[in-house]
Amino acid sequence: MGFDQEKRTLNLNGPLARRVRFALTATAVGLWFERIGQVFWPFFSVLMAMCGLALLGLHDLLPTMARIVVLALAALTLIGSFALGLWRFRRPAPHAALARVDAALPGQPLQALTDTPLVGANDPASKGLWAAHRARMLMRLKDVRAVGPTLRLSAADPYALRLMALTALGMGGLFGSLEQARTTTDLGDSGSNISAGPNWEGWVQPPAYSGKPTLYLGDLKDQFDVPKGSNVTVRFYGEDGVLTLSETVSGEPITGTSAVPDFAVRQPGEIEIDGPTGRLWDVALQPDAAPTAELIGPMTRAPSGETRQNFRLTDDFGVARAVLTITRDPEAVEKRYGYVLSAEARPPLEVTVPLPQIGDRREIEGMIGENLAQHPFAGLPVQISLTAWDEAGQASEEAIGEAILPTRRFFDPLAAALIDVRQELLWNRENATRAAQVIRAVTVDPTQLFDDMRHYFRLREVVGMIEGREDPMSDAQLGEVTDALWEIALLLEDGQLKDALERLHQAQERLSQAMRDGATPEEIQKLMQELREATRDYMQQLAEQQGEQGDDTDMPDQGEQDGQQITGDQLQQLMDRIQELMEQGRMAEAQQLLDMLAEMLENMRVTQSEGQGQGGESMQGLQDMLRDQQQLNDDTFSDLQEQFGGGQPQGEQGNQGEPPQTGEGQEGEGQEDEGQGTEPNGQSLAERQQALRDQLARQRQSMDGAGGGDEEGLGGALDRADRAMDEAEEALGQNDLSGALDSQAEAMEALRDGMRQLGEQQAQSQQEQEGQQGEAGGQSGSDPMRRDPLGRAAGDTGQFGSDEPLHEGEDVYRRAEELTDEIRRRSAEQDRPEDERDYLNRLLDRF
């Protein structure tokens, strides 16, 4: 029964009829494919296997007779499987599609709609019931869908021969070629005859950096393009002279008939194989743009003195290498002091840019980090250029910039002076005479400058090396002198902090590397503990160094920047925050805070408080006076050098601490003015000394006289400063510069002593005020964060610990005995760290 008859039987109209018709038609087509697949699968399997093996060229491995037999058997098998399929094929029944679609619907509505009632055809009640039944079946037809074919070949093919055949066809399509399949028609009986296929082979291998696969020349069209530098290999088979190769792509055209050498594609051109099976190809070059290089932001300095420069590199295939070139800019250097001489010629400094070893190199953003603090260009204006190259050898345009090459900062005045001398020597070795004079000048009073006299004696050895040099100084001598100056400056700057600072840097670097490598939380916690311990040791060394230096307020204030003071509690909170961020996986934010911590610790120094109110103003006044007196002392010494022409004073070997007395080339002869040197405002040295003495008098009046009293107190220190200034003024008036230098040194020492005494008075006053406030408001000592382990209030004079003496409080003797017993008990515990027990033993020896 056709669909029209079914439609009349079903009594369907409109869209529902079209949906049913489509479902029945599609299901019927699927039934035809199902029946064909079930009976013809052997035929299709044999056909796929034959095609796959032919594409792979496996038949060429057989002798001619064996190949004929195999092809004949394959043809017979193919014909037999097709005949078997025809014999077993049965076309689908007319109602098979309707039955399959109806079976997929609930209640078989199609069958129900073709039924007719047997009884009650004229009964109104029966008619109504039948109409409701048909309406319900029509509702179920809304979900009608075509039913796909079902092959079910697993039972007929238990060994999966069809899948093997499909695999063979896939392998032939991937790794075979049509040229190999065509040789199945070559059934000649002579294996020596030249085959009808090509008797040459060729390959084009693009450069490795391009990431493109090797191409088979025989499969390429008459026109193709490849990257520049691709290697071409051609091989001829058979009788010599039958085929000839010619090309114009290498730049050096070659022609060959038998052993053809490999050649590279350097330019557009042609490749031709002339002969019975020859080909001609037009070869073009794929675009390969030159890389681009860009400097991002200015050159910066890391806390450790490392030079940092951000950059961006791009290339269409990938950047091979990049170099940052740093060239000194002599024209940008101010021509004064040792820089008035012409700069020695030095080769540009080339820094290799770090590139990723694996991954994509087409776009790279990174940072160049190199410690160049000891390079001759350090601290000087430089011109920088960034250049990148790709694998093809193309160079980018230079990214140009200007900067001051970062170097390590030295805050100790003597260390900074030695570094300046070192830079002038590296600028021009003819500054050697000036370098020796400057070193002698700044070390005229070594007892006030050196805590460890070994540094002074080593510096004198350096001076001897400079003065005993060849003329001109050799490269070896220059390197030895500059290296020694750098080491001495480091010792002066860091003191005992060097080892602690190195441990701190190592702990910071290990923690940063762990964050980059994705370390486990346990490893992060261990490294964080190492950082805490290194920070504690570093701060302890800072405290000890400050105690050794006393109250030398000439030191630059490095513990305060932009008016901010950093406390140990703030450092602890910062490290806690770093650990919290790492535990949360926010490594980028943790790294930023770690860099901030490194910079804070690098620049930290224990500083003294300036005090508050009138006491602070007095301290500031003495500091300004000391600075002015130091400047006057420097100017006096400069005039003394000019008076003797900068020569070597006589008798200096006998007394290294005495200023120069005589010398050659006395340019100062004939000068009669008192004090000789003058400031731009016209004041002589004697007048400036008198102004400082008057300033001291005004300062003492603002401090309620601050005169008389104990010789060791504040008044006694200021009296000594006044007398020394008076003697310096008198010596300057008599043009006795050497005597003036001695008196000025005494004045500076007296001012320093006065500042120490003033600081102690301020601390005592602050302590009394806190005690009174505590008695009045009950707030004394309420802040536990402001007290030390002994319960004393923290100091206000910029020192670690407390300003309060140990012998205050109730029952002080009993408390002291308890502390001594506790220290003895802990020092006897062998399981405690050795450093802790050494510290406890030192406490016992001291108290």
# chains A, B, ... in the order shown; residues from 1 in each chain; ligands from 1
>>> residues_around(residues="Ala343 of chain A", least_positions_apart="6", cutoff="9 Å", atoms="only C-alpha atoms", output="NGL selection string")
:A and (330 or 426-428)
>>> residues_around(residues="Ala26 of chain A", least_positions_apart="2", cutoff="9 Å", atoms="only C-alpha atoms", output="VMD selection string")
chain A and resid 21 to 24 28 to 31 97 146 to 148
>>> write_last_selection(atoms="N, CA and C atoms", output="compact mmCIF listing (two decimals), in the first residue's frame")
# COMPACT_ATOMS: atom_id res chain seq x y z
N ARG A 21 4.61 11.95 6.48
CA ARG A 21 5.13 11.52 5.18
C ARG A 21 6.66 11.58 5.16
N PHE A 22 7.25 12.67 5.71
CA PHE A 22 8.71 12.78 5.76
C PHE A 22 9.31 11.67 6.61
N ALA A 23 8.71 11.39 7.76
CA ALA A 23 9.23 10.34 8.65
C ALA A 23 9.19 8.98 7.97
N LEU A 24 8.10 8.67 7.26
CA LEU A 24 8.00 7.38 6.59
C LEU A 24 8.99 7.27 5.44
N ALA A 28 12.16 4.72 5.24
CA ALA A 28 12.24 3.76 4.14
C ALA A 28 13.62 3.78 3.48
N VAL A 29 14.20 5.00 3.30
CA VAL A 29 15.56 5.11 2.73
C VAL A 29 16.56 4.43 3.65
N GLY A 30 16.42 4.65 4.97
CA GLY A 30 17.30 4.00 5.92
C GLY A 30 17.21 2.49 5.86
N LEU A 31 15.99 1.97 5.63
CA LEU A 31 15.83 0.53 5.51
C LEU A 31 16.59 -0.02 4.31
N ALA A 97 8.45 0.44 6.72
CA ALA A 97 8.75 1.78 7.24
C ALA A 97 7.67 2.22 8.21
N ALA A 146 11.64 10.21 12.16
CA ALA A 146 12.19 9.14 11.32
C ALA A 146 13.07 8.24 12.16
N VAL A 147 13.10 6.96 11.85
CA VAL A 147 13.88 5.98 12.58
C VAL A 147 15.06 5.57 11.72
N GLY A 148 16.28 5.70 12.27
CA GLY A 148 17.48 5.40 11.51
C GLY A 148 17.69 3.92 11.30
>>> atom_distance(atom1="atom CA of Gly401 of chain A", atom2="atom CA of Gln383 of chain A")
5.9 Å
>>> residues_around(residues="Leu161 of chain A", least_positions_apart="5", cutoff="9 Å", atoms="only C-alpha atoms", output="list in words")
Pro42, Ser45 and Leu166 of chain A
>>> residues_around(residues="Ala104 of chain A", least_positions_apart="4", cutoff="9 Å", atoms="only C-alpha atoms", output="PyMOL selection string")
chain A and resi 99-100+108+144-145+147
>>> write_last_selection(atoms="C-alpha atoms", output="mmCIF file, in the first residue's frame")
data_model
loop_
_atom_site.group_PDB
_atom_site.id
_atom_site.type_symbol
_atom_site.label_atom_id
_atom_site.label_comp_id
_atom_site.auth_asym_id
_atom_site.auth_seq_id
_atom_site.Cartn_x
_atom_site.Cartn_y
_atom_site.Cartn_z
ATOM 1 C CA ALA A 99 5.672 -0.466 11.199
ATOM 2 C CA ARG A 100 9.148 0.790 12.354
ATOM 3 C CA GLN A 108 1.229 2.644 17.889
ATOM 4 C CA VAL A 144 6.604 11.389 15.049
ATOM 5 C CA ARG A 145 10.273 11.063 13.957
ATOM 6 C CA VAL A 147 13.876 5.980 12.580
#
>>> residues_around(residues="segment 74-84 of chain A", least_positions_apart="4", cutoff="9 Å", atoms="only C-alpha atoms", output="NGL selection string")
:A and (39-44 or 46-47 or 50 or 69-70 or 88-89)
>>> atom_distance(atom1="atom CA of Tyr216 of chain A", atom2="atom CA of Gly202 of chain A")
6.1 Å
>>> closest_residue(among="A:Leu685, A:Ala476, A:Leu490, A:Arg434", to="Val463 of chain A", atoms="only C-alpha atoms")
A:Arg434
>>> closest_residue(among="A:Gln689, A:Ser177, A:Asn431, A:Ser474", to="Asp726 of chain A", atoms="only C-alpha atoms")
A:Gln689
>>> atom_distance(atom1="atom CA of Gln631 of chain A", atom2="atom CA of Val340 of chain A")
23.3 Å
>>> residues_around(residues="Val438 of chain A", least_positions_apart="6", cutoff="9 Å", atoms="only C-alpha atoms", output="number ranges by chain")
A: 417-418, 421
>>> decode(residues="segment 231-244 of chain A", atoms="all heavy atoms", output="compact mmCIF listing (two decimals), in the first residue's frame")
# COMPACT_ATOMS: atom_id res chain seq x y z
N ASN A 231 65.36 23.91 2.42
CA ASN A 231 66.35 23.05 1.77
C ASN A 231 65.64 22.10 0.80
O ASN A 231 64.64 21.46 1.15
CB ASN A 231 67.12 22.24 2.82
CG ASN A 231 68.28 21.47 2.20
OD1 ASN A 231 69.24 22.07 1.74
ND2 ASN A 231 68.18 20.15 2.21
N VAL A 232 66.16 22.00 -0.44
CA VAL A 232 65.57 21.17 -1.49
C VAL A 232 66.51 20.00 -1.76
O VAL A 232 67.71 20.18 -1.98
CB VAL A 232 65.33 21.98 -2.77
CG1 VAL A 232 64.71 21.08 -3.86
CG2 VAL A 232 64.43 23.18 -2.48
N THR A 233 65.94 18.78 -1.75
CA THR A 233 66.69 17.56 -2.04
C THR A 233 66.03 16.85 -3.21
O THR A 233 64.82 16.60 -3.19
CB THR A 233 66.72 16.62 -0.82
OG1 THR A 233 67.29 17.32 0.30
CG2 THR A 233 67.51 15.37 -1.11
N VAL A 234 66.81 16.52 -4.24
CA VAL A 234 66.30 15.83 -5.43
C VAL A 234 67.18 14.60 -5.69
O VAL A 234 68.41 14.69 -5.63
CB VAL A 234 66.30 16.76 -6.66
CG1 VAL A 234 65.81 15.99 -7.90
CG2 VAL A 234 65.41 17.97 -6.42
N ARG A 235 66.53 13.47 -5.96
CA ARG A 235 67.23 12.23 -6.26
C ARG A 235 66.71 11.66 -7.58
O ARG A 235 65.49 11.56 -7.79
CB ARG A 235 67.04 11.21 -5.14
CG ARG A 235 67.64 11.66 -3.81
CD ARG A 235 69.17 11.65 -3.86
NE ARG A 235 69.74 12.05 -2.59
CZ ARG A 235 70.11 13.29 -2.29
NH1 ARG A 235 69.95 14.26 -3.20
NH2 ARG A 235 70.63 13.57 -1.13
N PHE A 236 67.67 11.27 -8.48
CA PHE A 236 67.33 10.65 -9.75
C PHE A 236 67.61 9.15 -9.67
O PHE A 236 68.57 8.71 -9.02
CB PHE A 236 68.16 11.25 -10.89
CG PHE A 236 67.81 12.68 -11.20
CD1 PHE A 236 68.73 13.52 -11.82
CD2 PHE A 236 66.57 13.19 -10.85
CE1 PHE A 236 68.40 14.83 -12.11
CE2 PHE A 236 66.24 14.50 -11.15
CZ PHE A 236 67.17 15.33 -11.77
N TYR A 237 66.76 8.33 -10.36
CA TYR A 237 66.91 6.90 -10.40
C TYR A 237 66.92 6.46 -11.85
O TYR A 237 66.23 7.03 -12.70
CB TYR A 237 65.77 6.19 -9.66
CG TYR A 237 65.60 6.68 -8.23
CD1 TYR A 237 64.52 7.48 -7.89
CD2 TYR A 237 66.51 6.35 -7.25
CE1 TYR A 237 64.35 7.93 -6.60
CE2 TYR A 237 66.36 6.79 -5.96
CZ TYR A 237 65.27 7.59 -5.64
OH TYR A 237 65.11 8.03 -4.36
N GLY A 238 67.66 5.42 -12.11
CA GLY A 238 67.70 4.89 -13.46
C GLY A 238 68.97 5.30 -14.20
O GLY A 238 70.00 5.63 -13.60
N GLU A 239 68.90 5.31 -15.51
CA GLU A 239 70.05 5.57 -16.36
C GLU A 239 70.45 7.04 -16.25
O GLU A 239 69.61 7.94 -16.23
CB GLU A 239 69.70 5.21 -17.81
CG GLU A 239 70.87 5.36 -18.76
CD GLU A 239 70.49 4.97 -20.17
OE1 GLU A 239 69.36 4.47 -20.34
OE2 GLU A 239 71.31 5.16 -21.08
N ASP A 240 71.76 7.29 -16.20
CA ASP A 240 72.26 8.65 -16.12
C ASP A 240 71.98 9.40 -17.42
O ASP A 240 72.02 8.83 -18.52
CB ASP A 240 73.78 8.65 -15.87
CG ASP A 240 74.11 8.14 -14.49
OD1 ASP A 240 73.19 8.08 -13.65
OD2 ASP A 240 75.29 7.78 -14.24
N GLY A 241 71.72 10.68 -17.27
CA GLY A 241 71.50 11.54 -18.42
C GLY A 241 70.09 11.59 -18.92
O GLY A 241 69.78 12.40 -19.81
N VAL A 242 69.21 10.74 -18.39
CA VAL A 242 67.82 10.78 -18.85
C VAL A 242 67.12 12.02 -18.33
O VAL A 242 66.34 12.66 -19.03
CB VAL A 242 67.08 9.51 -18.41
CG1 VAL A 242 65.61 9.56 -18.81
CG2 VAL A 242 67.75 8.28 -19.00
N LEU A 243 67.40 12.39 -17.06
CA LEU A 243 66.78 13.56 -16.43
C LEU A 243 67.85 14.59 -16.08
O LEU A 243 69.00 14.25 -15.77
CB LEU A 243 66.03 13.15 -15.15
CG LEU A 243 64.88 12.17 -15.33
CD1 LEU A 243 64.31 11.77 -13.98
CD2 LEU A 243 63.79 12.79 -16.20
N THR A 244 67.45 15.86 -16.14
CA THR A 244 68.35 16.97 -15.84
C THR A 244 67.63 17.96 -14.94
O THR A 244 66.45 18.28 -15.16
CB THR A 244 68.80 17.68 -17.13
OG1 THR A 244 69.42 16.74 -17.99
CG2 THR A 244 69.79 18.80 -16.81
